[in-house]
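Dumped coords08.pdb below, it's PDB, C-alpha atoms and all ligand atoms:
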ATOM      1  CA  MET A1228      35.777  75.917 143.163  1.00  0.00           C
ATOM      2  CA  ASP A1229      34.761  76.556 146.752  1.00  0.00           C
ATOM      3  CA  SER A1230      34.819  79.796 148.752  1.00  0.00           C
ATOM      4  CA  LYS A1231      38.110  78.898 150.366  1.00  0.00           C
ATOM      5  CA  ASP A1232      39.851  78.709 146.959  1.00  0.00           C
ATOM      6  CA  ARG A1233      38.364  82.080 145.902  1.00  0.00           C
ATOM      7  CA  LYS A1234      39.806  83.791 148.934  1.00  0.00           C
ATOM      8  CA  GLU A1235      43.226  82.497 147.934  1.00  0.00           C
ATOM      9  CA  GLN A1236      42.702  83.763 144.344  1.00  0.00           C
ATOM     10  CA  PRO A1237      41.427  87.370 144.683  1.00  0.00           C
ATOM     11  CA  ASN A1238      41.491  87.919 140.869  1.00  0.00           C
ATOM     12  CA  VAL A1239      38.588  85.538 140.359  1.00  0.00           C
ATOM     13  CA  PRO A1240      35.486  87.722 140.743  1.00  0.00           C
ATOM     14  CA  PHE A1241      32.674  85.229 140.233  1.00  0.00           C
ATOM     15  CA  GLN A1242      31.431  82.270 142.079  1.00  0.00           C
ATOM     16  CA  GLU A1243      30.284  80.453 138.989  1.00  0.00           C
ATOM     17  CA  ASP A1244      32.727  78.883 136.653  1.00  0.00           C
ATOM     18  CA  ASN A1245      32.735  81.808 134.199  1.00  0.00           C
ATOM     19  CA  TYR A1246      35.255  81.289 131.414  1.00  0.00           C
ATOM     20  CA  THR A1247      35.890  85.057 131.025  1.00  0.00           C
ATOM     21  CA  HIS A1248      37.405  85.439 134.428  1.00  0.00           C
ATOM     22  CA  ASN A1249      40.862  84.444 133.200  1.00  0.00           C
ATOM     23  CA  ILE A1250      41.027  86.953 130.291  1.00  0.00           C
ATOM     24  CA  ARG A1251      42.723  90.278 130.958  1.00  0.00           C
ATOM     25  CA  LYS A1252      40.955  93.090 129.166  1.00  0.00           C
ATOM     26  CA  ASP A1253      44.150  94.840 127.986  1.00  0.00           C
ATOM     27  CA  GLY A1254      45.532  91.631 126.595  1.00  0.00           C
ATOM     28  CA  GLU A1255      42.220  90.829 124.942  1.00  0.00           C
ATOM     29  CA  ARG A1256      42.152  94.162 123.137  1.00  0.00           C
ATOM     30  CA  LYS A1257      45.704  93.716 121.864  1.00  0.00           C
ATOM     31  CA  LEU A1258      44.806  90.281 120.661  1.00  0.00           C
ATOM     32  CA  ASP A1259      41.742  91.615 118.825  1.00  0.00           C
ATOM     33  CA  ARG A1260      43.701  94.284 117.002  1.00  0.00           C
ATOM     34  CA  ARG A1261      46.379  91.832 116.029  1.00  0.00           C
ATOM     35  CA  SER A1262      43.794  89.328 114.827  1.00  0.00           C
ATOM     36  CA  PHE A1263      42.041  92.003 112.836  1.00  0.00           C
ATOM     37  CA  MET A1264      45.279  93.091 111.193  1.00  0.00           C
ATOM     38  CA  LYS A1265      46.156  89.497 110.421  1.00  0.00           C
ATOM     39  CA  MET A1266      42.722  88.973 108.903  1.00  0.00           C
ATOM     40  CA  MET A1267      43.066  92.118 106.761  1.00  0.00           C
ATOM     41  CA  ALA A1268      46.545  91.090 105.595  1.00  0.00           C
ATOM     42  CA  GLY A1269      45.184  87.662 104.755  1.00  0.00           C
ATOM     43  CA  ALA A1270      42.233  89.131 102.853  1.00  0.00           C
ATOM     44  CA  ALA A1271      44.558  91.470 100.911  1.00  0.00           C
ATOM     45  CA  GLY A1272      46.766  88.503 100.060  1.00  0.00           C
ATOM     46  CA  VAL A1273      43.827  86.444  98.847  1.00  0.00           C
ATOM     47  CA  PHE A1274      42.575  89.390  96.779  1.00  0.00           C
ATOM     48  CA  ALA A1275      46.010  89.967  95.231  1.00  0.00           C
ATOM     49  CA  VAL A1276      46.467  86.312  94.361  1.00  0.00           C
ATOM     50  CA  SER A1277      42.940  85.955  92.972  1.00  0.00           C
ATOM     51  CA  THR A1278      43.369  88.988  90.665  1.00  0.00           C
ATOM     52  CA  LEU A1279      46.764  87.886  89.303  1.00  0.00           C
ATOM     53  CA  PRO A1280      45.342  85.877  86.386  1.00  0.00           C
ATOM     54  CA  TRP A1281      43.294  88.886  85.216  1.00  0.00           C
ATOM     55  CA  GLY A1282      46.343  91.127  85.393  1.00  0.00           C
ATOM     56  CA  ALA A1283      48.316  88.630  83.335  1.00  0.00           C
ATOM     57  CA  ILE A1284      45.537  88.414  80.733  1.00  0.00           C
ATOM     58  CA  ALA A1285      45.299  92.225  80.509  1.00  0.00           C
ATOM     59  CA  ALA A1286      49.081  92.522  80.151  1.00  0.00           C
ATOM     60  CA  ARG A1287      49.119  89.956  77.352  1.00  0.00           C
ATOM     61  CA  GLU A1288      46.283  91.776  75.594  1.00  0.00           C
ATOM     62  CA  LEU A1289      48.004  95.156  75.852  1.00  0.00           C
ATOM     63  CA  THR A1290      51.430  93.956  74.807  1.00  0.00           C
ATOM     64  CA  GLY A1291      49.994  91.969  71.923  1.00  0.00           C
ATOM     65  CA  LEU A1292      51.771  88.789  73.032  1.00  0.00           C
ATOM     66  CA  ASP A1293      48.551  86.907  72.705  1.00  0.00           C
ATOM     67  CA  LYS A1294      48.140  87.299  68.952  1.00  0.00           C
ATOM     68  CA  LYS A1295      44.566  86.890  67.883  1.00  0.00           C
ATOM     69  CA  THR A1296      43.736  85.260  64.649  1.00  0.00           C
ATOM     70  CA  TYR A1297      41.019  86.671  62.445  1.00  0.00           C
ATOM     71  CA  ALA A1298      39.017  85.143  59.690  1.00  0.00           C
ATOM     72  CA  LYS A1299      39.351  86.611  56.220  1.00  0.00           C
ATOM     73  CA  ALA A1300      36.068  88.218  55.203  1.00  0.00           C
ATOM     74  CA  LYS A1301      34.977  89.803  51.942  1.00  0.00           C
ATOM     75  CA  ILE A1302      33.901  93.435  52.320  1.00  0.00           C
ATOM     76  CA  ALA A1303      32.900  94.438  48.792  1.00  0.00           C
ATOM     77  CA  ASP A1304      33.737  94.136  45.109  1.00  0.00           C
ATOM     78  CA  THR A1305      36.247  96.807  44.123  1.00  0.00           C
ATOM     79  CA  SER A1306      33.972  97.887  41.251  1.00  0.00           C
ATOM     80  CA  ALA A1307      31.116  98.537  43.695  1.00  0.00           C
ATOM     81  CA  ILE A1308      32.901 101.473  45.390  1.00  0.00           C
ATOM     82  CA  LYS A1309      33.904 104.717  43.707  1.00  0.00           C
ATOM     83  CA  VAL A1310      37.090 106.578  44.648  1.00  0.00           C
ATOM     84  CA  GLY A1311      36.279 108.963  47.502  1.00  0.00           C
ATOM     85  CA  GLU A1312      33.420 106.827  48.778  1.00  0.00           C
ATOM     86  CA  ALA A1313      33.048 104.564  51.794  1.00  0.00           C
ATOM     87  CA  VAL A1314      31.068 101.476  52.674  1.00  0.00           C
ATOM     88  CA  GLU A1315      30.079 100.192  56.090  1.00  0.00           C
ATOM     89  CA  PHE A1316      30.625  96.616  57.080  1.00  0.00           C
ATOM     90  CA  ALA A1317      30.963  94.532  60.237  1.00  0.00           C
ATOM     91  CA  TYR A1318      34.275  93.008  61.302  1.00  0.00           C
ATOM     92  CA  PRO A1319      35.493  90.844  62.980  1.00  0.00           C
ATOM     93  CA  GLU A1320      32.128  90.094  64.597  1.00  0.00           C
ATOM     94  CA  LYS A1321      28.692  91.078  63.325  1.00  0.00           C
ATOM     95  CA  HIS A1322      28.365  93.762  66.044  1.00  0.00           C
ATOM     96  CA  ASP A1323      31.767  95.367  65.261  1.00  0.00           C
ATOM     97  CA  SER A1324      30.853  98.199  62.941  1.00  0.00           C
ATOM     98  CA  ALA A1325      33.564  99.262  60.505  1.00  0.00           C
ATOM     99  CA  LEU A1326      34.169 101.564  57.572  1.00  0.00           C
ATOM    100  CA  LEU A1327      36.067 100.955  54.321  1.00  0.00           C
ATOM    101  CA  VAL A1328      37.206 104.060  52.442  1.00  0.00           C
ATOM    102  CA  LYS A1329      38.417 103.953  48.843  1.00  0.00           C
ATOM    103  CA  LEU A1330      41.121 106.600  48.554  1.00  0.00           C
ATOM    104  CA  GLY A1331      42.436 105.710  45.099  1.00  0.00           C
ATOM    105  CA  ASP A1332      42.006 103.120  42.339  1.00  0.00           C
ATOM    106  CA  ASN A1333      43.869 100.563  44.390  1.00  0.00           C
ATOM    107  CA  GLU A1334      44.138 102.342  47.733  1.00  0.00           C
ATOM    108  CA  TYR A1335      41.877 101.430  50.627  1.00  0.00           C
ATOM    109  CA  LYS A1336      41.763 102.118  54.352  1.00  0.00           C
ATOM    110  CA  ALA A1337      39.429 100.538  56.881  1.00  0.00           C
ATOM    111  CA  TYR A1338      38.787 101.158  60.573  1.00  0.00           C
ATOM    112  CA  GLN A1339      36.408 100.054  63.238  1.00  0.00           C
ATOM    113  CA  ASN A1340      34.239 103.143  63.358  1.00  0.00           C
ATOM    114  CA  THR A1341      33.163 103.348  66.973  1.00  0.00           C
ATOM    115  CA  CYS A1342      34.523 106.669  68.259  1.00  0.00           C
ATOM    116  CA  THR A1343      37.203 106.170  70.885  1.00  0.00           C
ATOM    117  CA  HIS A1344      35.771 109.072  72.893  1.00  0.00           C
ATOM    118  CA  LEU A1345      32.220 108.053  73.811  1.00  0.00           C
ATOM    119  CA  LYS A1346      31.429 105.434  71.184  1.00  0.00           C
ATOM    120  CA  CYS A1347      29.377 107.418  68.674  1.00  0.00           C
ATOM    121  CA  PRO A1348      29.539 106.067  65.122  1.00  0.00           C
ATOM    122  CA  VAL A1349      32.245 107.732  63.038  1.00  0.00           C
ATOM    123  CA  PHE A1350      31.533 108.340  59.342  1.00  0.00           C
ATOM    124  CA  TRP A1351      33.564 109.278  56.288  1.00  0.00           C
ATOM    125  CA  SER A1352      33.332 112.816  54.980  1.00  0.00           C
ATOM    126  CA  GLY A1353      34.589 112.874  51.390  1.00  0.00           C
ATOM    127  CA  GLU A1354      34.156 116.652  51.475  1.00  0.00           C
ATOM    128  CA  LYS A1355      36.544 117.060  54.421  1.00  0.00           C
ATOM    129  CA  GLY A1356      38.707 114.073  53.519  1.00  0.00           C
ATOM    130  CA  LYS A1357      38.456 112.994  57.166  1.00  0.00           C
ATOM    131  CA  LEU A1358      36.707 110.500  59.394  1.00  0.00           C
ATOM    132  CA  VAL A1359      34.215 112.501  61.418  1.00  0.00           C
ATOM    133  CA  CYS A1360      32.474 111.924  64.721  1.00  0.00           C
ATOM    134  CA  PRO A1361      29.405 114.174  64.859  1.00  0.00           C
ATOM    135  CA  CYS A1362      28.843 113.889  68.615  1.00  0.00           C
ATOM    136  CA  HIS A1363      31.629 116.209  69.802  1.00  0.00           C
ATOM    137  CA  HIS A1364      33.271 117.257  66.516  1.00  0.00           C
ATOM    138  CA  GLY A1365      35.947 114.608  66.623  1.00  0.00           C
ATOM    139  CA  LEU A1366      38.118 114.192  63.510  1.00  0.00           C
ATOM    140  CA  TYR A1367      40.403 111.304  62.582  1.00  0.00           C
ATOM    141  CA  ASP A1368      43.132 111.115  59.937  1.00  0.00           C
ATOM    142  CA  VAL A1369      42.018 108.605  57.289  1.00  0.00           C
ATOM    143  CA  GLN A1370      45.617 107.479  56.575  1.00  0.00           C
ATOM    144  CA  THR A1371      46.397 106.541  60.188  1.00  0.00           C
ATOM    145  CA  GLY A1372      43.151 106.578  62.187  1.00  0.00           C
ATOM    146  CA  ILE A1373      44.807 108.988  64.634  1.00  0.00           C
ATOM    147  CA  PRO A1374      42.539 111.676  66.156  1.00  0.00           C
ATOM    148  CA  ILE A1375      43.424 115.138  64.885  1.00  0.00           C
ATOM    149  CA  ALA A1376      40.661 117.268  66.440  1.00  0.00           C
ATOM    150  CA  GLY A1377      38.081 117.131  69.204  1.00  0.00           C
ATOM    151  CA  PRO A1378      38.113 115.057  72.373  1.00  0.00           C
ATOM    152  CA  PRO A1379      39.175 111.589  71.121  1.00  0.00           C
ATOM    153  CA  GLN A1380      42.631 110.604  72.362  1.00  0.00           C
ATOM    154  CA  ARG A1381      43.080 107.122  70.922  1.00  0.00           C
ATOM    155  CA  PRO A1382      43.203 106.056  67.265  1.00  0.00           C
ATOM    156  CA  LEU A1383      40.497 104.035  65.603  1.00  0.00           C
ATOM    157  CA  PRO A1384      41.499 100.373  65.390  1.00  0.00           C
ATOM    158  CA  GLU A1385      42.679  99.763  61.845  1.00  0.00           C
ATOM    159  CA  ILE A1386      41.522  96.765  59.870  1.00  0.00           C
ATOM    160  CA  THR A1387      44.116  95.122  57.672  1.00  0.00           C
ATOM    161  CA  LEU A1388      43.044  94.591  54.074  1.00  0.00           C
ATOM    162  CA  GLU A1389      43.813  92.493  51.065  1.00  0.00           C
ATOM    163  CA  THR A1390      42.587  92.908  47.499  1.00  0.00           C
ATOM    164  CA  ALA A1391      42.211  89.847  45.330  1.00  0.00           C
ATOM    165  CA  GLU A1392      40.086  88.773  42.390  1.00  0.00           C
ATOM    166  CA  GLY A1393      38.241  92.075  42.151  1.00  0.00           C
ATOM    167  CA  ALA A1394      37.256  92.253  45.823  1.00  0.00           C
ATOM    168  CA  VAL A1395      38.486  93.795  49.081  1.00  0.00           C
ATOM    169  CA  TYR A1396      38.877  91.522  52.086  1.00  0.00           C
ATOM    170  CA  ALA A1397      39.341  92.237  55.795  1.00  0.00           C
ATOM    171  CA  THR A1398      42.097  90.074  57.244  1.00  0.00           C
ATOM    172  CA  GLY A1399      42.605  91.339  60.800  1.00  0.00           C
ATOM    173  CA  VAL A1400      42.550  94.182  63.302  1.00  0.00           C
ATOM    174  CA  LYS A1401      45.808  95.932  64.128  1.00  0.00           C
ATOM    175  CA  ARG A1402      46.863  96.047  67.771  1.00  0.00           C
ATOM    176  CA  TYR A1403      47.230  99.357  69.554  1.00  0.00           C
ATOM    177  CA  GLU A1404      50.871 100.405  69.858  1.00  0.00           C
ATOM    178  CA  THR A1405      51.820 100.623  73.550  1.00  0.00           C
TER
HETATM  179  S1  LIG B1501      31.865 110.474  70.906  1.00  0.00           S
HETATM  180 FE1  LIG B1501      33.081 110.969  69.236  1.00  0.00          FE
HETATM  181  S2  LIG B1501      33.887 112.892  69.710  1.00  0.00           S
HETATM  182 FE2  LIG B1501      32.746 112.352  71.455  1.00  0.00          FE
END
As structure tokens, what does this structure read like?
Amino acid sequence: MDSKDRKEQPNVPFQEDNYTHNIRKDGERKLDRRSFMKMMAGAAGVFAVSTLPWGAIAARELTGLDKKTYAKAKIADTSAIKVGEAVEFAYPEKHDSALLVKLGDNEYKAYQNTCTHLKCPVFWSGEKGKLVCPCHHGLYDVQTGIPIAGPPQRPLPEITLETAEGAVYATGVKRYET
């Protein structure tokens, strides 16, 4: 571009061939905002789509549609526990602490015994006839696992049982009702 052409085009401020000379600042700013918004909308879309599978998995877990299967595991011989006593065991995995309580000659209840408040171990108090969490004086009903005192709000997960051939077996963990 020579000096003659520049005189005919007064909007071109530079002699050199500067590529910015044809961008209007107002237009450029509008374009930037729009691009930014588009980018944010795109990022939100990607985030939403990428989290969908986790949402679906959580929903299936909570609604119990994805029924888990549990192995049957022997807890103890019936003769080894006296009425009013409890034994600890692990179920379904070796780190899942649980408690079996013998309430009558042929009446048993079992729960995972991690407190649903802040995860302290819950124990059986034959004296109180309740499942007790010592950390914050939480109490659970032994018939239902439902909290009846203290801060816990959710029941202890109940373990389903079966008695056969002089022994008590764990057969599964009940789902939370939603
Ligand atoms: S941890 Fe059990 S009552 Fe708080």
Target residues per the PyMOL selection byres (((chain A and resi 1360) around 9) and not hetatm), formatted as a PyMOL selection string = chain A and resi 1341-1342+1347-1351+1358-1359+1361-1367+1377
For Ala1391 in chain A, work out the shell of residues within 12 Å, counting all atoms listed in the file and skipping chain neighbours fewer than 4 positions away, then give it as a ChimeraX atom specification.
-> /A:1299-1305,1333,1395-1398
If we count all atoms listed in the file, what is near Gly1399 in chain A at a cut-off of 10 Å, once residues fewer than 6 positions away on the same chain are taken out, given as a ChimeraX atom specification?
-> /A:1295-1300,1318-1319,1385-1389
Name all residues at most 7 Å from Val1314 in chain A (count only C-alpha atoms; drop same-chain ones fewer than 6 positions away) and give them as number ranges by chain.
-> A: 1326-1328
Residue with smallest distance to ligand LIG 1501 (chain B) - pool A:Gly1311, A:Gly1269, A:Pro1280, A:Pro1378, counting all atoms listed in the file |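 Counting all atoms listed in the file, the residue closest to ligand LIG 1501 (chain B) is A:Pro1378.
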Output, as JSON, the centre and edge lengths in Å (one decimal) of the axis-aligned box that contains all listed atoms of ligand LIG 1501 (chain B) with 4 Å of margin on each side.
{"center_x": 32.9, "center_y": 111.7, "center_z": 70.3, "size_x": 10.0, "size_y": 10.4, "size_z": 10.2}
Which one is closest to ligand LIG 1501 (chain B): A:Lys1346, A:Lys1265, A:Arg1260, A:Lys1329? Count only C-alpha atoms and all ligand atoms.
->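 The closest residue to ligand LIG 1501 (chain B) is A:Lys1346.
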Tell me, in Å to one decimal, how far CA of Ala1307 in chain A is from CA of Leu1383 in chain A.
->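 Computing the Euclidean distance for CA of Ala1307 in chain A and CA of Leu1383 in chain A yields 24.5 Å.
Near Ser1324 in chain A, within a cut-off of 8 Å and counting only C-alpha atoms, sit the residues Glu1315, Phe1316, Ala1317, Tyr1318, Lys1321, Gln1339, Asn1340 and Thr1341 of chain A, with same-chain residues fewer than 3 positions away left out.
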Mind pulling up the distance from CA of Arg1402 in chain A to atom S1 of ligand LIG 1501 (chain B)?
-> 21.0 Å
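Of note, atom FE2 of ligand LIG 1501 (chain B) and CA of Ala1286 in chain A are spaced 27.1 Å apart.
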Pick from A:Gln1370, A:Thr1278, A:Gln1380, A:Ser1352, whichever lies nearest to Ala1337 in chain A using all atoms listed in the file | A:Gln1370
For ligand LIG 1501 (chain B), the nearest of the candidates A:Thr1343, A:Leu1330, A:Ala1268, A:Glu1354, counting all atoms listed in the file = A:Thr1343
